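S.K.: Quick one: the structure is below, questions incoming.
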Amino acid sequence: MRPLDEAETTAVFEKLFKFTGNNLKNIVENPSHEGPDPNPGRYCFRLHKNRVYYVSESLVKRATNIARPKLVSLGTCIGKFTHGGKFHLTIQALSLVAANARHKVWIKPTSEMSFLYGNHVLKGGLGRITDSIAPGDGVVVYSMSDVPLGFGVAAKSMQDCRKLDPNGIVVLHQSDIGEYLRMEDEL
Amino acid sequence: MESQNQYEVDLGNLLAFNHSHHFPSLPSSREELVKECLEEGTKLVQAIADRLFNLPSTEDVDGPIVTLPPPTTKLPRSKHLPKPKPPTKWELFAKKKGQLYVSITDEKVLRYFAGIKKRKKDKVVWDEQTGTWKRRFGYDRVDDDRDVPIIEAKMTDEPGEDPFAKRQEEKKKRVAKQDKNRLQNLKQAAKVGALPSHVQLAATALPITGTQAAPKKFTKHELGDVAGIAATSTASGGKFDKKVPGEKAPKHQGKHRKFLPVVEGSGIGSREKEQTDKVLNKLFSKHSHEILNVEKAVTAYNVKREKKQRLKHNKNVEDKSLSTSNKLKPKKQLNKKSAKKGSSKKGKAK
């Protein structure tokens, strides 16, 4: 376990910025009320075996007592670094990202299951959508009952979305909560 | 041929020997020796010239041309005699098989086997399919795998296999096997020292005589590493040793990457906070142009302004009826102020 160095921090923040925008500040400077300390500490990012964890300070301090090969996980894992040095967000970042998301998409109940199996969101399945979405923006996908289902990348801008035929892809799938069942081993 | 003064002249090499000359005593100085040599040399050259002009000459534009007779002196060989090549594996096999032997299938029939003969192959072969003479190998050859249009299925074929691909793969395997055998033959020849000369020239790694291993070349990098290891393998890690003249301080001592401590103070330390804030600010400033949607702000402002104007109009309509001049006025003001308001909003967002 070690803190991220500058290059790694930039990579992680860039990815989060795509989804949250300015709310990234809220994520980084979140006061955490875990631990016996009356003063709220902060959350920090730690790297352990190519995975990035979002942990509160008090937890980090206690985790230093565990040997590195024996430590499995701490806090919430938000993503992984690949062998080539790129950073990917995993589904466990959903709670963090959904709370601070800038662009949201609500999908109809009929296409919920399709999304949860890993397919992209088609225009026919769109319920509501926040405006001013540029292509390539990070988007959080909700069900109509405001349950976050996953996140993805916007394929087209708002205007282009309106012109699409009902089978056009609106949101490219990146992660969904179905992965907890499908890819249990890889999380 | 020996002639006057017992000079042996070999016209083919333009050479003249004086067998019976010997220096009476070593001359005292170098110049005297040189003088004497020159004198003797001139006599020999004169002998060659005499002989040359005695030869029958033909007239040419540049002067008389003389064809020299073949040389008579036997010069020593510059290179060694070629060593006999060891027979290749095939040659050994052919020799073994080729020994005349008699095979008796039954008492009445005797079969004779003449052995494997080396047959000369022609460069062009008659191709039945096209009715022309085609090469044996190379471009437009006799039996090319690509020319086969149909391969009939046999009982032994599996349904999913591609027979064309199979043929190509088999050919590749055959070629690879042949290459391997060729290399093995060359290696055997190299062991004896009888490599063909063009291969010997190409094989710079192989030694010309003997079978020592080629000396391993060390790169500057490797030498530097080894020198570093040697320098630090003393009791005190090489710290107090006198440096050899020209020896530089070792590069890359200690850790190559620096990381922040895992826990500083209680959790996040000041350095880590600094780092995260720095990265965050960089990120925000990079994307600051995206934060404000200028068009949206401008349209929102315009809508607001229009509403205000409309309220004003409704008030004024009760007093007097206004013409189109009023309609023009708000538009003008909007063009001026929108740019200003947009820039000020940018400041606010930061």
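Lettering and numbering for the structure tokens are positional, with chains as A, B, ... in the shown order, residues counted from 1 in each chain, and ligands counted from 1 in the shown order.
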Using only C-alpha atoms, which residues sit within 10 Å of Asn23 (chain A) once same-chain residues fewer than 2 positions away are excluded, as a list of chain:residue names?
M.R.: A:Leu16, A:Phe17, A:Phe19, A:Thr20, A:Gly21, A:Lys25, A:Asn26, A:Ile27, A:Val28, A:Val97, A:Ala99, A:Asn100, A:Ala101, A:Arg102
S.K.: I'd like the neighbourhood of Thr130 (chain B) as number ranges by chain, where a residue qualifies if any of its atoms comes within 12 Å (using only C-alpha atoms), though same-chain residues fewer than 2 positions away should be ignored.
M.R.: B: 125-128, 132-134, 140-143, 147
S.K.: Given the selection you just returned, output its residues as a file containing C-alpha atoms, formatted as a PDB file, in the first residue's frame.
M.R.:
ATOM      1  CA  VAL B 125      10.082 -29.348 -66.967  1.00  0.00           C
ATOM      2  CA  TRP B 126       7.218 -30.218 -69.283  1.00  0.00           C
ATOM      3  CA  ASP B 127       3.936 -29.254 -67.662  1.00  0.00           C
ATOM      4  CA  GLU B 128       1.110 -31.557 -68.761  1.00  0.00           C
ATOM      5  CA  THR B 132       4.250 -25.764 -71.893  1.00  0.00           C
ATOM      6  CA  TRP B 133       7.744 -25.925 -70.485  1.00  0.00           C
ATOM      7  CA  LYS B 134       7.746 -24.455 -67.019  1.00  0.00           C
ATOM      8  CA  ASP B 140       5.368 -19.752 -62.648  1.00  0.00           C
ATOM      9  CA  ARG B 141       6.552 -23.201 -61.616  1.00  0.00           C
ATOM     10  CA  VAL B 142       5.305 -26.615 -62.577  1.00  0.00           C
ATOM     11  CA  ASP B 143       3.314 -27.749 -59.578  1.00  0.00           C
ATOM     12  CA  ASP B 147      -2.707 -23.607 -59.200  1.00  0.00           C
TER      13      ASP B 147
END
S.K.: Using only C-alpha atoms, find the one residue out of B:Trp90, B:Phe259, B:Tyr301, B:Phe240 that sits nearest to chain A.
M.R.: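 Looking only at the distances to chain A, the closest residue turns out to be B:Phe259.
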S.K.: Between A:Ser111, A:Gln159, A:Ser58, A:Asn65, which one has atoms that come closest to chain B, using only C-alpha atoms?
M.R.: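 Of A:Ser111, A:Gln159, A:Ser58, A:Asn65, the one nearest chain B, counting only C-alpha atoms, is A:Ser58.
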S.K.: Tell me the residues of chain B close to chain A, meaning within 8 Å using only C-alpha atoms, as a PyMOL selection string.
M.R.: chain B and resi 259-263+266-268+272+275-276+279-280+283-284+291
S.K.: What would the file look like if the residues just selected were written as a compact mmCIF listing (two decimals), in the first residue's frame with all heavy atoms?
M.R.:
# COMPACT_ATOMS: atom_id res chain seq x y z
N PHE B 259 8.40 7.80 -3.23
CA PHE B 259 6.98 7.83 -2.92
C PHE B 259 6.76 8.57 -1.62
O PHE B 259 7.62 8.61 -0.75
CB PHE B 259 6.43 6.41 -2.74
CG PHE B 259 6.50 5.60 -3.99
CD1 PHE B 259 7.21 4.41 -4.03
CD2 PHE B 259 5.86 6.03 -5.13
CE1 PHE B 259 7.28 3.68 -5.19
CE2 PHE B 259 5.92 5.29 -6.28
CZ PHE B 259 6.63 4.11 -6.32
N LEU B 260 5.56 9.13 -1.47
CA LEU B 260 5.20 9.75 -0.20
C LEU B 260 4.99 8.67 0.84
O LEU B 260 4.63 7.54 0.51
CB LEU B 260 3.91 10.56 -0.37
CG LEU B 260 4.01 11.76 -1.31
CD1 LEU B 260 2.63 12.26 -1.60
CD2 LEU B 260 4.84 12.84 -0.69
N PRO B 261 5.19 9.01 2.12
CA PRO B 261 4.94 7.98 3.14
C PRO B 261 3.46 7.62 3.18
O PRO B 261 2.60 8.44 2.87
CB PRO B 261 5.38 8.66 4.44
CG PRO B 261 5.36 10.10 4.14
CD PRO B 261 5.65 10.26 2.70
N VAL B 262 3.20 6.39 3.58
CA VAL B 262 1.81 5.91 3.57
C VAL B 262 0.96 6.72 4.54
O VAL B 262 -0.13 7.18 4.21
CB VAL B 262 1.77 4.42 3.94
CG1 VAL B 262 0.33 3.97 4.11
CG2 VAL B 262 2.46 3.59 2.90
N VAL B 263 1.45 6.87 5.71
CA VAL B 263 0.70 7.61 6.72
C VAL B 263 1.63 8.64 7.34
O VAL B 263 2.66 8.31 7.87
CB VAL B 263 0.19 6.64 7.81
CG1 VAL B 263 -0.40 7.43 8.95
CG2 VAL B 263 -0.81 5.68 7.24
N SER B 266 -1.42 11.54 11.16
CA SER B 266 -2.46 10.53 11.35
C SER B 266 -3.32 10.48 10.10
O SER B 266 -4.37 11.10 10.02
CB SER B 266 -3.30 10.87 12.57
OG SER B 266 -4.07 12.01 12.30
N GLY B 267 -2.84 9.76 9.13
CA GLY B 267 -3.63 9.67 7.90
C GLY B 267 -2.99 10.48 6.81
O GLY B 267 -1.88 10.20 6.39
N ILE B 268 -3.67 11.47 6.32
CA ILE B 268 -3.15 12.28 5.21
C ILE B 268 -2.13 13.26 5.78
O ILE B 268 -2.35 13.89 6.80
CB ILE B 268 -4.31 13.04 4.53
CG1 ILE B 268 -4.77 12.24 3.32
CG2 ILE B 268 -3.90 14.41 4.10
CD1 ILE B 268 -5.66 13.01 2.41
N GLU B 272 1.00 15.11 1.05
CA GLU B 272 0.03 14.47 0.17
C GLU B 272 -1.09 15.44 -0.17
O GLU B 272 -1.56 15.49 -1.30
CB GLU B 272 -0.54 13.22 0.85
CG GLU B 272 -1.26 12.32 -0.14
CD GLU B 272 -1.87 11.12 0.52
OE1 GLU B 272 -1.36 10.72 1.57
OE2 GLU B 272 -2.86 10.61 -0.02
N GLN B 275 0.04 17.67 -2.80
CA GLN B 275 0.07 17.03 -4.11
C GLN B 275 -1.32 16.94 -4.70
O GLN B 275 -1.54 17.27 -5.87
CB GLN B 275 0.69 15.64 -3.98
CG GLN B 275 0.91 14.99 -5.32
CD GLN B 275 1.39 13.57 -5.15
OE1 GLN B 275 2.56 13.34 -4.96
NE2 GLN B 275 0.49 12.61 -5.22
N THR B 276 -2.28 16.49 -3.89
CA THR B 276 -3.64 16.35 -4.43
C THR B 276 -4.21 17.69 -4.83
O THR B 276 -4.87 17.81 -5.86
CB THR B 276 -4.57 15.68 -3.40
OG1 THR B 276 -4.34 16.27 -2.14
CG2 THR B 276 -4.35 14.19 -3.35
N VAL B 279 -2.68 18.76 -8.14
CA VAL B 279 -3.23 18.03 -9.29
C VAL B 279 -4.64 18.51 -9.59
O VAL B 279 -5.03 18.71 -10.75
CB VAL B 279 -3.22 16.52 -9.01
CG1 VAL B 279 -3.94 15.78 -10.10
CG2 VAL B 279 -1.79 16.03 -8.90
N LEU B 280 -5.41 18.72 -8.53
CA LEU B 280 -6.79 19.16 -8.71
C LEU B 280 -6.86 20.50 -9.41
O LEU B 280 -7.65 20.70 -10.36
CB LEU B 280 -7.43 19.25 -7.31
CG LEU B 280 -8.90 18.88 -7.20
CD1 LEU B 280 -9.13 17.46 -7.64
CD2 LEU B 280 -9.34 19.03 -5.76
N LEU B 283 -6.04 20.30 -13.02
CA LEU B 283 -7.14 19.70 -13.78
C LEU B 283 -8.24 20.72 -14.03
O LEU B 283 -8.77 20.83 -15.15
CB LEU B 283 -7.68 18.52 -12.97
CG LEU B 283 -8.39 17.43 -13.73
CD1 LEU B 283 -7.48 16.83 -14.76
CD2 LEU B 283 -8.86 16.37 -12.77
N PHE B 284 -8.60 21.46 -12.97
CA PHE B 284 -9.67 22.42 -13.12
C PHE B 284 -9.31 23.51 -14.10
O PHE B 284 -10.12 23.92 -14.92
CB PHE B 284 -10.03 23.04 -11.75
CG PHE B 284 -10.82 22.12 -10.88
CD1 PHE B 284 -10.85 22.27 -9.51
CD2 PHE B 284 -11.56 21.08 -11.42
CE1 PHE B 284 -11.58 21.43 -8.70
CE2 PHE B 284 -12.30 20.23 -10.63
CZ PHE B 284 -12.31 20.40 -9.26
N ILE B 291 -16.38 24.67 -18.17
CA ILE B 291 -17.28 24.79 -17.00
C ILE B 291 -18.43 25.70 -17.35
O ILE B 291 -19.58 25.44 -17.00
CB ILE B 291 -16.49 25.32 -15.79
CG1 ILE B 291 -15.52 24.22 -15.32
CG2 ILE B 291 -17.41 25.70 -14.68
CD1 ILE B 291 -14.55 24.68 -14.30
S.K.: For Leu89 (chain A), which residue out of A:Ser175, A:Thr110, A:Asn30, A:Ser143 is the nearest one, using only C-alpha atoms?
M.R.: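 Residue with the minimum atom-to-atom distance to Leu89 (chain A): A:Ser175.
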S.K.: If DSSP is run on the backbone, what residues of region 114-151 of chain A are strand (DSSP E or B)? A reply as a list in words would be ideal.
M.R.: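 Selecting the strand (DSSP E or B) positions of region 114-151 of chain A gives Val121, Leu122, Leu126, Gly127, Arg128, Ile129, Gly138, Val139, Val140, Val141, Tyr142, Ser143, Pro148, Leu149, Gly150 and Phe151 of chain A.
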S.K.: Pick out the closest residue to Ala98 (chain A) from this set: A:Ile169, A:Val52, A:Leu126, A:Val139. Count only C-alpha atoms.
M.R.: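 So, comparing all the options, the nearest one is A:Val139.
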S.K.: If we count only C-alpha atoms and set the cut-off at 9 Å, which residues sit around region 157-173 of chain B, ignoring sequence neighbours fewer than 5 positions away in its own chain? Please answer as a list of chain:residue names.
M.R.: B:Asp145, B:Arg146, B:Val148, B:Ile151, B:Gln178
S.K.: Figure out the distance between CA of Leu14 (chain B) and CA of Lys79 (chain B), please, to one decimal in Å.
M.R.: 23.2 Å
S.K.: Mind checking which residues fall within 10 Å of Lys86 (chain A), counting only C-alpha atoms, ignoring those fewer than 4 positions away in the same chain, and posting them as a PyMOL selection string?
M.R.: chain A and resi 8+11-12+80-82
S.K.: Restricting the calculation to only C-alpha atoms, which member of A:Gly136, A:Pro40, A:Gly152, A:Gly79 is positioned closest to Asn119 (chain A)?
M.R.: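 For Asn119 (chain A), the nearest of the candidates is A:Gly152.
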S.K.: May I ask which of the residues B:Lys120, B:Arg257, B:Arg51, B:His287 is the closest one to Ala16 (chain B), counting only C-alpha atoms?
M.R.: B:Arg51
S.K.: Mind checking which residues fall within 10 Å of Lys117 (chain B), counting only C-alpha atoms, ignoring those fewer than 3 positions away in the same chain, and posting them as a list of chain:residue names?
M.R.: B:Ala94, B:Lys95, B:Gly98, B:Ala114, B:Lys120
